[in-house]
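Q: I'm passing along upload-v9.cif; it holds mmCIF, C-alpha atoms.
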data_work
#
loop_
_atom_site.label_atom_id
_atom_site.label_comp_id
_atom_site.auth_asym_id
_atom_site.auth_seq_id
_atom_site.Cartn_x
_atom_site.Cartn_y
_atom_site.Cartn_z
CA MET W 1 -31.22 22.46 -31.13
CA GLN W 2 -27.48 23.12 -31.16
CA ILE W 3 -27.50 23.66 -27.38
CA ILE W 4 -29.32 20.35 -26.83
CA GLU W 5 -26.88 18.54 -29.11
CA GLU W 6 -23.85 20.06 -27.36
CA ASN W 7 -25.24 19.24 -23.91
CA TYR W 8 -25.90 15.65 -24.94
CA THR W 9 -22.44 15.21 -26.45
CA GLN W 10 -20.76 16.80 -23.45
CA HIS W 11 -22.74 14.63 -21.04
CA TYR W 12 -21.99 11.47 -23.04
CA ILE W 13 -18.25 12.16 -23.12
CA LYS W 14 -18.28 12.79 -19.37
CA GLN W 15 -20.10 9.47 -18.78
CA ALA W 16 -17.62 7.58 -20.98
CA LEU W 17 -14.61 9.04 -19.14
CA GLU W 18 -15.96 8.51 -15.63
CA ASN W 19 -18.38 5.56 -15.48
CA HIS W 20 -17.92 1.82 -15.76
CA GLU W 21 -21.33 1.42 -17.46
CA LEU W 22 -22.18 3.16 -20.73
CA GLU W 23 -25.07 2.83 -23.17
CA ALA W 24 -24.68 3.25 -26.94
CA PRO W 25 -25.09 6.88 -28.07
CA ASP W 26 -28.39 8.15 -29.44
CA ARG W 27 -27.91 9.01 -33.12
CA ALA W 28 -30.72 11.60 -33.13
CA LEU W 29 -29.39 13.51 -30.12
CA ALA W 30 -25.72 13.24 -31.08
CA ASN W 31 -26.37 14.35 -34.66
CA GLY W 32 -23.01 15.50 -36.09
CA THR W 33 -20.96 13.92 -33.30
CA TYR W 34 -22.50 10.43 -33.52
CA GLU W 35 -19.54 8.81 -35.31
CA ALA W 36 -17.13 10.16 -32.72
CA LEU W 37 -19.36 9.01 -29.84
CA ILE W 38 -19.81 5.52 -31.26
CA GLY W 39 -16.02 5.25 -31.47
CA LEU W 40 -15.80 6.32 -27.84
CA TYR W 41 -18.50 3.79 -26.95
CA LEU W 42 -16.66 0.89 -28.65
CA ALA W 43 -13.40 1.86 -26.91
CA HIS W 44 -15.28 1.88 -23.59
CA GLN W 45 -16.75 -1.56 -24.31
CA ASN W 46 -13.30 -3.00 -24.99
CA GLY W 47 -11.20 -1.15 -22.42
CA GLY W 48 -13.54 0.45 -19.90
CA VAL W 49 -12.90 3.97 -18.63
CA ALA W 50 -9.17 3.67 -19.34
CA GLY W 51 -9.88 2.66 -22.95
CA ALA W 52 -12.32 5.53 -23.39
CA LYS W 53 -9.76 8.02 -22.09
CA THR W 54 -7.18 6.82 -24.60
CA ALA W 55 -9.72 6.99 -27.42
CA TRP W 56 -10.78 10.48 -26.35
CA GLU W 57 -7.23 11.79 -26.57
CA THR W 58 -6.98 10.38 -30.10
CA LEU W 59 -10.38 11.82 -31.09
CA LYS W 60 -9.37 15.30 -30.00
CA LYS W 61 -6.30 15.14 -32.24
CA LEU W 62 -8.28 13.89 -35.23
CA ARG W 63 -11.19 16.26 -34.66
CA PRO W 64 -9.98 19.31 -32.71
CA GLU W 65 -13.46 20.85 -32.77
CA LEU W 66 -14.58 18.14 -30.31
CA GLY W 67 -12.24 19.56 -27.67
CA ILE W 68 -14.84 22.12 -26.61
CA PHE W 69 -17.03 19.31 -25.29
CA GLY W 70 -14.33 18.22 -22.84
CA GLU W 71 -13.27 21.64 -21.56
CA SER W 72 -15.61 21.43 -18.58
CA ASP W 73 -13.59 18.44 -17.29
CA PHE W 74 -10.82 20.83 -16.21
CA LEU W 75 -12.93 23.30 -14.23
CA ILE W 76 -15.53 22.97 -11.50
CA HIS W 77 -17.43 25.78 -9.82
CA ALA W 78 -16.88 26.06 -6.07
CA ASN W 79 -20.61 25.57 -5.44
CA LYS W 80 -20.39 22.16 -7.10
CA LEU W 81 -17.57 20.84 -4.90
CA ARG W 82 -20.14 19.38 -2.52
CA GLU W 83 -21.39 17.18 -5.38
CA LEU W 84 -18.06 15.37 -5.67
CA PRO W 85 -18.08 11.83 -4.22
CA SER W 86 -16.42 11.46 -0.82
CA PRO W 87 -13.26 9.33 -0.67
CA VAL W 88 -14.14 5.76 0.33
CA HIS W 89 -12.14 2.74 1.41
CA MET W 90 -11.85 -0.22 -0.96
CA THR W 91 -12.59 -2.66 1.85
CA THR W 92 -13.74 -2.40 5.46
CA LYS W 93 -10.77 -4.51 6.55
CA TYR W 94 -7.98 -2.15 5.46
CA PRO W 95 -7.85 1.66 5.11
CA LEU W 96 -6.98 1.76 1.40
CA TYR W 97 -8.65 4.50 -0.61
CA GLU W 98 -10.53 3.67 -3.78
CA GLY W 99 -8.69 5.33 -6.67
CA GLY W 100 -6.03 6.44 -4.20
CA PHE W 101 -2.26 6.33 -3.78
CA ASN W 102 -1.71 3.98 -0.84
CA VAL W 103 1.52 2.93 0.91
CA LEU W 104 2.35 -0.04 3.16
CA PHE W 105 5.74 0.07 4.89
CA GLY W 106 7.66 -1.77 7.57
CA PRO W 107 10.96 -3.53 8.34
CA SER W 108 12.15 -6.70 6.64
CA GLY W 109 10.55 -9.79 8.15
CA ALA W 110 7.56 -7.92 9.57
CA GLY W 111 5.11 -9.62 7.22
CA LYS W 112 4.54 -6.91 4.58
CA SER W 113 4.10 -9.35 1.70
CA PHE W 114 1.69 -11.49 3.72
CA ILE W 115 -0.36 -8.37 4.38
CA ALA W 116 -0.19 -7.21 0.76
CA LEU W 117 -1.33 -10.65 -0.42
CA ASP W 118 -4.21 -10.66 2.08
CA ILE W 119 -5.27 -7.22 0.83
CA ALA W 120 -5.02 -8.39 -2.78
CA SER W 121 -6.89 -11.63 -2.14
CA ASN W 122 -9.77 -9.98 -0.30
CA ILE W 123 -10.30 -7.34 -2.98
CA ALA W 124 -9.81 -9.86 -5.83
CA CYS W 125 -12.89 -11.73 -4.63
CA ASN W 126 -14.92 -8.81 -6.06
CA SER W 127 -12.74 -7.16 -8.72
CA PRO W 128 -9.43 -7.76 -10.57
CA VAL W 129 -6.15 -7.11 -8.76
CA ILE W 130 -2.65 -7.03 -10.30
CA TYR W 131 0.23 -7.96 -7.97
CA ILE W 132 3.75 -6.97 -9.06
CA ALA W 133 5.99 -9.25 -7.00
CA GLY W 134 9.29 -7.52 -7.62
CA GLU W 135 11.21 -9.82 -5.27
CA GLY W 136 10.09 -12.89 -7.23
CA LEU W 137 7.16 -15.29 -7.26
CA HIS W 138 8.83 -17.89 -5.05
CA GLY W 139 6.68 -18.65 -2.00
CA TYR W 140 3.47 -17.09 -3.27
CA ALA W 141 2.01 -20.41 -4.46
CA ALA W 142 2.08 -21.78 -0.89
CA ARG W 143 0.63 -18.56 0.55
CA TRP W 144 -2.14 -18.38 -2.08
CA GLU W 145 -3.15 -22.02 -1.67
CA ALA W 146 -3.17 -21.59 2.12
CA TRP W 147 -5.28 -18.44 1.84
CA LYS W 148 -7.84 -20.19 -0.37
CA VAL W 149 -8.17 -23.15 2.01
CA HIS W 150 -8.39 -20.97 5.11
CA ASN W 151 -11.03 -18.70 3.56
CA SER W 152 -12.93 -21.47 1.72
CA ILE W 153 -12.38 -19.73 -1.62
CA GLN W 154 -11.82 -21.63 -4.88
CA THR W 155 -10.43 -18.75 -6.90
CA ALA W 156 -10.43 -14.96 -7.31
CA GLU W 157 -9.40 -12.40 -9.93
CA LEU W 158 -5.84 -12.10 -8.67
CA TYR W 159 -3.07 -11.89 -11.28
CA PHE W 160 0.70 -11.75 -10.76
CA TYR W 161 2.97 -9.78 -13.08
CA LYS W 162 5.88 -12.09 -13.78
CA GLU W 163 8.67 -9.54 -13.49
CA ALA W 164 9.63 -6.45 -11.54
CA LEU W 165 8.02 -3.56 -13.42
CA GLN W 166 10.50 -0.70 -13.80
CA VAL W 167 8.16 2.27 -13.49
CA LEU W 168 10.90 4.75 -14.37
CA ASP W 169 11.45 3.08 -17.74
CA ASP W 170 9.08 4.59 -20.33
CA SER W 171 8.85 1.51 -22.54
CA ASP W 172 8.43 -0.85 -19.58
CA LEU W 173 5.65 1.30 -18.13
CA LEU W 174 3.87 1.65 -21.46
CA ARG W 175 4.01 -2.10 -22.05
CA PHE W 176 2.62 -2.78 -18.57
CA VAL W 177 -0.31 -0.40 -19.00
CA ASN W 178 -1.16 -1.81 -22.42
CA ILE W 179 -1.02 -5.40 -21.16
CA ILE W 180 -3.04 -4.75 -18.03
CA ARG W 181 -5.64 -2.35 -19.47
CA ALA W 182 -8.00 -5.13 -20.62
CA LYS W 183 -8.18 -6.58 -17.09
CA GLN W 184 -9.63 -3.29 -15.75
CA PRO W 185 -8.03 -3.79 -12.32
CA SER W 186 -9.35 -2.06 -9.24
CA LEU W 187 -5.95 -2.29 -7.54
CA VAL W 188 -2.30 -2.57 -8.63
CA ILE W 189 0.20 -3.57 -5.94
CA ILE W 190 3.88 -2.66 -6.38
CA ASP W 191 5.96 -4.86 -4.06
CA THR W 192 8.44 -3.30 -3.46
CA MET W 193 9.28 0.29 -4.38
CA ALA W 194 13.01 -0.53 -4.41
CA ARG W 195 12.60 -3.43 -6.85
CA SER W 196 10.40 -1.35 -9.18
CA ALA W 197 12.70 1.68 -9.25
CA VAL W 198 16.18 0.21 -9.60
CA GLY W 199 18.83 2.92 -9.65
CA MET W 200 16.61 5.56 -8.07
CA ASP W 201 18.05 7.56 -5.17
CA GLU W 202 15.39 7.04 -2.49
CA ASN W 203 16.72 10.03 -0.56
CA SER W 204 16.19 12.40 -3.50
CA SER W 205 12.82 14.14 -3.34
CA LYS W 206 13.14 14.90 -7.06
CA GLU W 207 13.69 11.27 -8.07
CA VAL W 208 11.02 9.95 -5.70
CA GLY W 209 8.72 12.62 -7.14
CA VAL W 210 9.21 11.12 -10.60
CA PHE W 211 8.39 7.67 -9.18
CA ILE W 212 5.18 9.07 -7.67
CA GLN W 213 4.26 10.67 -10.99
CA ARG W 214 4.71 7.33 -12.79
CA VAL W 215 2.55 5.50 -10.23
CA ASP W 216 -0.09 8.19 -10.71
CA HIS W 217 0.12 7.47 -14.45
CA ILE W 218 -0.81 3.85 -13.70
CA ARG W 219 -3.71 5.00 -11.54
CA PHE W 220 -5.12 7.42 -14.10
CA GLU W 221 -4.55 5.26 -17.17
CA LEU W 222 -6.08 2.14 -15.61
CA GLY W 223 -8.63 3.92 -13.43
CA CYS W 224 -7.48 1.99 -10.36
CA SER W 225 -5.99 2.32 -6.89
CA THR W 226 -2.33 1.61 -6.20
CA LEU W 227 -0.54 0.18 -3.18
CA VAL W 228 3.23 0.70 -2.92
CA VAL W 229 5.07 -1.60 -0.50
CA HIS W 230 8.16 0.03 1.00
CA HIS W 231 10.81 -0.58 3.66
CA THR W 232 11.85 1.16 6.85
CA GLY W 233 15.41 2.08 7.56
CA LYS W 234 17.26 0.82 10.62
CA SER W 235 15.95 3.80 12.60
CA GLY W 236 12.43 2.41 12.27
CA HIS W 237 11.31 5.32 10.07
CA MET W 238 10.10 5.08 6.47
CA ARG W 239 13.19 4.81 4.30
CA GLY W 240 14.17 7.61 1.96
CA SER W 241 12.56 10.92 1.03
CA SER W 242 9.42 12.07 2.82
CA SER W 243 7.89 12.83 -0.60
CA LEU W 244 6.35 9.34 -0.71
CA TYR W 245 4.60 9.90 2.62
CA GLY W 246 3.43 13.34 1.55
CA ALA W 247 1.91 12.06 -1.70
CA ALA W 248 0.01 9.16 -0.13
CA ASP W 249 -3.70 9.18 0.66
CA SER W 250 -3.20 6.33 3.13
CA VAL W 251 -0.08 4.98 4.83
CA ILE W 252 -0.17 1.73 6.78
CA SER W 253 2.72 1.21 9.18
CA VAL W 254 3.72 -2.39 9.94
CA SER W 255 5.71 -3.60 12.94
CA LYS W 256 6.29 -6.99 14.52
CA ASN W 257 6.86 -7.81 18.15
CA ASP W 258 7.26 -11.36 19.48
CA GLY W 259 5.31 -12.86 16.60
CA VAL W 260 2.48 -10.30 16.68
CA ILE W 261 2.15 -8.14 13.55
CA LYS W 262 0.67 -4.68 14.13
CA LEU W 263 -0.86 -2.54 11.40
CA THR W 264 -1.76 1.07 12.10
CA ASN W 265 -2.43 4.34 10.32
CA ASN W 266 -1.66 6.34 13.46
CA SER W 267 0.68 9.26 12.74
CA ASP W 268 2.72 8.44 15.87
CA PHE W 269 3.99 5.43 13.92
CA GLU W 270 4.23 7.34 10.60
CA GLY W 271 0.85 6.08 9.43
CA LYS W 272 -1.58 8.34 7.64
CA ASN W 273 -5.27 8.60 6.84
CA LYS W 274 -5.68 11.68 4.66
CA TYR W 275 -9.47 11.82 4.74
CA GLY W 276 -10.34 10.42 8.15
CA PRO W 277 -9.28 9.92 11.78
CA GLU W 278 -6.01 8.15 12.50
CA ASP W 279 -7.38 5.55 14.90
CA TRP W 280 -7.16 2.30 12.96
CA ASN W 281 -5.16 -0.57 14.47
CA LEU W 282 -5.12 -4.28 13.66
CA PHE W 283 -3.14 -7.15 15.16
CA TYR W 284 -2.26 -10.37 13.35
CA ARG W 285 -0.28 -13.53 13.81
CA LEU W 286 0.72 -16.10 11.19
CA LEU W 287 -1.14 -19.40 11.26
CA PRO W 288 0.55 -22.36 9.46
CA VAL W 289 -1.78 -23.98 6.92
CA LYS W 290 -1.19 -27.10 4.79
CA ALA W 291 -2.93 -26.95 1.43
CA ASP W 292 -2.71 -29.18 -1.63
CA GLY W 293 0.85 -30.30 -0.98
CA TYR W 294 2.02 -26.85 0.14
CA GLU W 295 2.95 -25.69 3.61
CA GLY W 296 1.93 -22.05 3.77
CA ALA W 297 0.65 -19.57 6.32
CA VAL W 298 -2.15 -17.05 6.61
CA LEU W 299 -2.80 -13.97 8.70
CA VAL W 300 -5.32 -14.36 11.52
CA GLU W 301 -6.45 -11.60 13.83
CA THR W 302 -5.17 -11.74 17.38
CA GLU W 303 -5.46 -9.77 20.59
CA GLN W 304 -3.44 -6.61 21.16
CA ILE W 305 -0.26 -7.18 23.15
CA ILE W 306 -0.98 -6.50 26.81
CA ASP W 307 1.43 -3.75 27.63
CA ASP W 308 2.26 -4.71 31.21
CA LEU W 309 5.87 -4.32 32.28
CA SER W 310 6.41 -7.77 33.75
CA ILE W 311 8.75 -10.53 32.60
CA GLU W 312 7.67 -14.04 33.55
CA GLY W 313 10.57 -15.55 35.52
CA ASN W 314 13.73 -15.38 33.44
CA GLU W 315 11.98 -16.00 30.10
CA LEU W 316 13.12 -13.27 27.72
CA SER W 317 11.42 -12.71 24.39
CA ASP W 318 13.59 -12.71 21.27
CA SER W 319 13.44 -8.90 21.13
CA GLN W 320 14.35 -8.52 24.80
CA GLU W 321 17.29 -10.90 24.51
CA GLU W 322 18.59 -9.09 21.42
CA ILE W 323 18.30 -5.70 23.16
CA LEU W 324 20.03 -7.01 26.27
CA HIS W 325 22.92 -8.41 24.22
CA ILE W 326 23.39 -5.05 22.47
CA ILE W 327 23.46 -3.16 25.77
CA ASN W 328 25.99 -5.68 27.11
CA ASP W 329 28.22 -5.03 24.10
CA TYR W 330 28.54 -1.34 25.04
CA ASN W 331 30.76 -1.04 28.12
CA ASP W 332 29.85 2.64 28.55
CA GLY W 333 26.15 2.12 27.85
CA THR W 334 24.01 2.98 24.84
CA THR W 335 20.79 4.77 23.88
CA ALA W 336 17.41 3.55 22.66
CA VAL W 337 18.00 5.26 19.31
CA THR W 338 21.28 3.37 18.83
CA ILE W 339 19.55 0.09 19.69
CA ALA W 340 16.81 0.75 17.14
CA ARG W 341 19.36 1.63 14.47
CA THR W 342 21.48 -1.43 15.22
CA THR W 343 18.52 -3.81 14.97
CA GLU W 344 15.40 -3.98 12.82
CA ILE W 345 13.20 -3.68 15.91
CA HIS W 346 10.69 -0.82 15.70
CA GLN W 347 11.68 2.07 17.95
CA ALA W 348 8.38 1.92 19.88
CA THR W 349 9.02 -1.78 20.58
CA VAL W 350 12.53 -0.95 21.80
CA TYR W 351 11.22 1.58 24.34
CA ARG W 352 8.52 -0.80 25.57
CA ASN W 353 11.02 -3.61 26.15
CA LEU W 354 13.53 -1.29 27.80
CA LYS W 355 10.87 -0.48 30.41
CA LYS W 356 10.30 -4.19 31.03
CA LEU W 357 14.03 -4.90 31.33
CA MET W 358 14.43 -2.01 33.78
CA LYS W 359 11.55 -3.24 35.93
CA ALA W 360 13.16 -6.69 36.03
CA GLU W 361 16.41 -4.93 37.05
CA TYR W 362 18.31 -6.42 34.10
CA ILE W 363 19.34 -2.92 32.98
CA LYS W 364 19.54 0.55 34.49
CA HIS W 365 19.47 4.09 33.13
CA ASP W 366 21.91 6.73 34.37
CA GLY W 367 20.01 9.63 32.82
CA LYS W 368 21.78 9.38 29.49
CA VAL W 369 22.39 5.75 28.52
CA TYR W 370 21.22 2.24 29.35
CA LEU W 371 23.67 -0.09 31.13
CA ILE W 372 23.40 -3.81 31.83
CA THR W 373 23.32 -4.91 35.48
CA ASP W 374 24.95 -7.96 37.07
CA GLU W 375 21.51 -9.58 37.12
CA GLY W 376 21.18 -8.90 33.40
CA LYS W 377 24.56 -10.52 32.74
CA ARG W 378 23.50 -13.53 34.81
CA VAL W 379 20.31 -13.96 32.77
CA LEU W 380 22.33 -13.77 29.54
CA GLY W 381 24.89 -16.18 30.92
CA VAL W 382 27.83 -13.89 30.30
CA ASP W 383 30.86 -13.26 32.47
CA ASP W 384 30.63 -10.01 34.46
CA GLY W 385 34.44 -9.75 34.37
CA SER W 386 34.94 -10.10 38.13
#
Would it be possible to restate this file's structure as structure tokens?
A:
Amino acid sequence: MQIIEENYTQHYIKQALENHELEAPDRALANGTYEALIGLYLAHQNGGVAGAKTAWETLKKLRPELGIFGESDFLIHANKLRELPSPVHMTTKYPLYEGGFNVLFGPSGAGKSFIALDIASNIACNSPVIYIAGEGLHGYAARWEAWKVHNSIQTAELYFYKEALQVLDDSDLLRFVNIIRAKQPSLVIIDTMARSAVGMDENSSKEVGVFIQRVDHIRFELGCSTLVVHHTGKSGHMRGSSSLYGAADSVISVSKNDGVIKLTNNSDFEGKNKYGPEDWNLFYRLLPVKADGYEGAVLVETEQIIDDLSIEGNELSDSQEEILHIINDYNDGTTAVTIARTTEIHQATVYRNLKKLMKAEYIKHDGKVYLITDEGKRVLGVDDGS
């Protein structure tokens, strides 16, 4: 009988710590552990898996003999690895892993917050989402009202945290977890990493490692996924230590070219898909939408940019004109890397536009640097100095 009782108690604890649905314990089968299990059950009813985990830690301190029933949680036989659930995406629209550490990064002005809000809104139609808008709530009302109108949605379980959570501050983090626990969110969005880790040296792998550990604490305590929104540097690469990239299950790279926003998890653009092929690409543009007195905008899918090398007449895109001006500023020529660092244009976009400008004979390449031609100066309307 003792074996049956232990197996039942062990199974019940496992269910409480892993599942979102839990029945009340059976007094006859639990026998001497019934009071402990009913406490675990009530904690689960009030706080879900996260609440049960907190209660379990307390129970083990009050009744150390119960610890033997949870020992199996730390070990798994190799033959049972195949029984573990495969990693799955939270939504078919975006490659974010359920229960995972996800990252979205791109340059300023590329549309990261629009994308993060679209992710949040889609998922919030089915389960709670917490959005930490570290750069302030200004502008989100217009975007949210526009999103609802465009998608014919009245409401969703989307909640905004009113301040920038400082994840490196113990008291701030504890307060956040305690406040949010009752919502049982499926996703917590931290927008941005810089605003939620003020004072952290982004180039320090040690300090970024602590940030990652704190985000993991949010994931494990709340039983949810996380999405960290981060910036690129002027080089077009993810800013700071590579530790953030290494820790992520999914990394979505964002770039913008002539009004078209590109999202990809392809490793060529520093994207990442830890458990699947890196072949996901999506193209968006912003569509203005008026809604309930607000003038907002929403993301709508668009066609991929046709990568021909032609320039219609003398009509330069904003990116091409900016690149041409920079090359003109360097009398002895400059490189693509310097152009990317000087601007916030993604390096891949710089190379593509350099090819177009060369075909139009607005610039030339001497084997080392790019130089503006007389025709390029004429298009810009600048004096060639003759």
Q: With only C-alpha atoms as the basis for distance, which of W:Ile218, W:Leu158, W:Leu371, W:Leu316 is at the shortest distance from Asp332 in chain W?
A: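 The shortest atom-to-atom distance to Asp332 in chain W comes from W:Leu371.
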Q: Given 4 Å on each side, where is the centre and what are the edge lengths in Å to one decimal of the axis-aligned box enclosing the listed atoms of range 332-351 of chain W, as JSON?
A:
{"center_x": 19.1, "center_y": 0.6, "center_z": 20.7, "size_x": 29.5, "size_y": 17.2, "size_z": 23.7}
Q: When you draw a straight line from CA of Thr9 in chain W to CA of Leu84 in chain W, how long is it in Å?
A: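 Answer for the CA of Thr9 in chain W to CA of Leu84 in chain W separation: 21.2 Å.
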Q: Mind pulling up the distance from CA of Asn266 in chain W to CA of Thr342 in chain W?
A: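 These two atoms are separated by 24.5 Å.
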Q: Quick check, in Å to one decimal: how far apart do CA of Leu96 in chain W and CA of Trp280 in chain W lie?
A: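 Between CA of Leu96 in chain W and CA of Trp280 in chain W the gap works out to 11.6 Å.
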Q: On this structure, which residues satisfy the PyMOL selection byres ((chain W and resi 351) around 12), written as a list in words?
A: Asp307, Leu309, Ser319, Gln320, Ile323, Thr335, Ala336, Val337, Thr338, Ile339, Ala340, Ile345, His346, Gln347, Ala348, Thr349, Val350, Arg352, Asn353, Leu354, Lys355, Lys356, Leu357, Met358 and Tyr370 of chain W
Q: Could you write out as a list of chain:residue names the residues that the PyMOL selection byres ((chain W and resi 277) around 12) matches in the shown file?
A: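 That expression, the PyMOL selection byres ((chain W and resi 277) around 12), corresponds here to W:Pro95, W:Ser250, W:Thr264, W:Asn265, W:Asn266, W:Ser267, W:Gly271, W:Lys272, W:Asn273, W:Lys274, W:Tyr275, W:Gly276, W:Glu278, W:Asp279, W:Trp280, W:Asn281.
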Q: Enumerate, in order of chain and increasing residue number, the residues of range 245-353 of chain W with an atom no farther than 10 Å from range 109-133 of chain W, each with its shortest atom pair and distance in Å to one decimal, counting all atoms listed in the file, as JSON lines.
A:
{"residue": "W:Ser253", "atom": "CA", "partner": "W:Lys112", "partner_atom": "CA", "distance": 9.5}
{"residue": "W:Val254", "atom": "CA", "partner": "W:Ala110", "partner_atom": "CA", "distance": 6.7}
{"residue": "W:Ser255", "atom": "CA", "partner": "W:Ala110", "partner_atom": "CA", "distance": 5.8}
{"residue": "W:Lys256", "atom": "CA", "partner": "W:Ala110", "partner_atom": "CA", "distance": 5.2}
{"residue": "W:Asn257", "atom": "CA", "partner": "W:Ala110", "partner_atom": "CA", "distance": 8.6}
{"residue": "W:Gly259", "atom": "CA", "partner": "W:Ala110", "partner_atom": "CA", "distance": 8.9}
{"residue": "W:Val260", "atom": "CA", "partner": "W:Ala110", "partner_atom": "CA", "distance": 9.1}
{"residue": "W:Ile261", "atom": "CA", "partner": "W:Ala110", "partner_atom": "CA", "distance": 6.7}
{"residue": "W:Lys262", "atom": "CA", "partner": "W:Ala110", "partner_atom": "CA", "distance": 8.9}
{"residue": "W:Leu263", "atom": "CA", "partner": "W:Ile115", "partner_atom": "CA", "distance": 9.1}
{"residue": "W:Tyr284", "atom": "CA", "partner": "W:Ile115", "partner_atom": "CA", "distance": 9.4}
{"residue": "W:Arg285", "atom": "CA", "partner": "W:Gly111", "partner_atom": "CA", "distance": 9.4}
{"residue": "W:Leu286", "atom": "CA", "partner": "W:Gly111", "partner_atom": "CA", "distance": 8.8}
{"residue": "W:Ala297", "atom": "CA", "partner": "W:Phe114", "partner_atom": "CA", "distance": 8.6}
{"residue": "W:Val298", "atom": "CA", "partner": "W:Phe114", "partner_atom": "CA", "distance": 7.3}
{"residue": "W:Leu299", "atom": "CA", "partner": "W:Phe114", "partner_atom": "CA", "distance": 7.1}
{"residue": "W:Glu344", "atom": "CA", "partner": "W:Gly109", "partner_atom": "CA", "distance": 8.9}
{"residue": "W:Ile345", "atom": "CA", "partner": "W:Ala110", "partner_atom": "CA", "distance": 9.5}
{"residue": "W:His346", "atom": "CA", "partner": "W:Ala110", "partner_atom": "CA", "distance": 9.9}
Q: Check which residues satisfy the PyMOL selection byres ((chain W and resi 324) around 9) in the file shown, then give them as a PyMOL selection string.
A: chain W and resi 319-323+325-329+354+357+362-363+372+376-377+380
Q: Pick the closest to Asn46 in chain W from W:Gln184, W:Thr33, W:Asn102, W:Thr58: which is it, counting only C-alpha atoms?
A: W:Gln184
Q: In terms of the shortest atom-to-atom distance over only C-alpha atoms, which of W:Gly106, W:Gly381, W:Gly32, W:Gly47 is closest to Ala16 in chain W?
A: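 The shortest atom-to-atom distance to Ala16 in chain W comes from W:Gly47.
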Q: Any idea what's packed within 10 Å of Val215 in chain W, counting all atoms listed in the file, ignoring anything in its chain fewer than 6 positions away? Could you give it as a PyMOL selection string?
A: chain W and resi 101+167-168+173+188+190+209+221+225-228
Q: With C-alpha atoms retained, write the just-selected residues as an mmCIF file, in the frame of the given file.
A:
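To be explicit, this is the file written out as result30.cif:
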data_model
loop_
_atom_site.group_PDB
_atom_site.id
_atom_site.type_symbol
_atom_site.label_atom_id
_atom_site.label_comp_id
_atom_site.auth_asym_id
_atom_site.auth_seq_id
_atom_site.Cartn_x
_atom_site.Cartn_y
_atom_site.Cartn_z
ATOM 1 C CA PHE W 101 -2.260 6.330 -3.780
ATOM 2 C CA VAL W 167 8.160 2.270 -13.490
ATOM 3 C CA LEU W 168 10.900 4.750 -14.370
ATOM 4 C CA LEU W 173 5.650 1.300 -18.130
ATOM 5 C CA VAL W 188 -2.300 -2.570 -8.630
ATOM 6 C CA ILE W 190 3.880 -2.660 -6.380
ATOM 7 C CA GLY W 209 8.720 12.620 -7.140
ATOM 8 C CA GLU W 221 -4.550 5.260 -17.170
ATOM 9 C CA SER W 225 -5.990 2.320 -6.890
ATOM 10 C CA THR W 226 -2.330 1.610 -6.200
ATOM 11 C CA LEU W 227 -0.540 0.180 -3.180
ATOM 12 C CA VAL W 228 3.230 0.700 -2.920
#
Q: Which is closest to Ala247 in chain W among W:Ser235, W:Thr155, W:Ser205, W:Asn178, if we use only C-alpha atoms?
A: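 Residue with the minimum atom-to-atom distance to Ala247 in chain W: W:Ser205.
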Q: For His44 in chain W, list every protein, DNA or RNA residue within 10 Å, evaluated using only C-alpha atoms, and leave out those in the same chain fewer than 6 positions away; present the list as number ranges by chain.
A: W: 16-17, 19-23, 38, 50-55
Q: Here is a test: counting all atoms listed in the file, which residue of W:Ala194, W:Ala146, W:Val103, W:Met90 is nearest to Gly134 in chain W?
A: W:Ala194
Q: Which is closer to Leu244 in chain W than all the others in W:Glu18, W:Asp170, W:Asp366, W:Glu202, using all atoms listed in the file?
A: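 Among the listed residues, the smallest separation from Leu244 in chain W belongs to W:Glu202.
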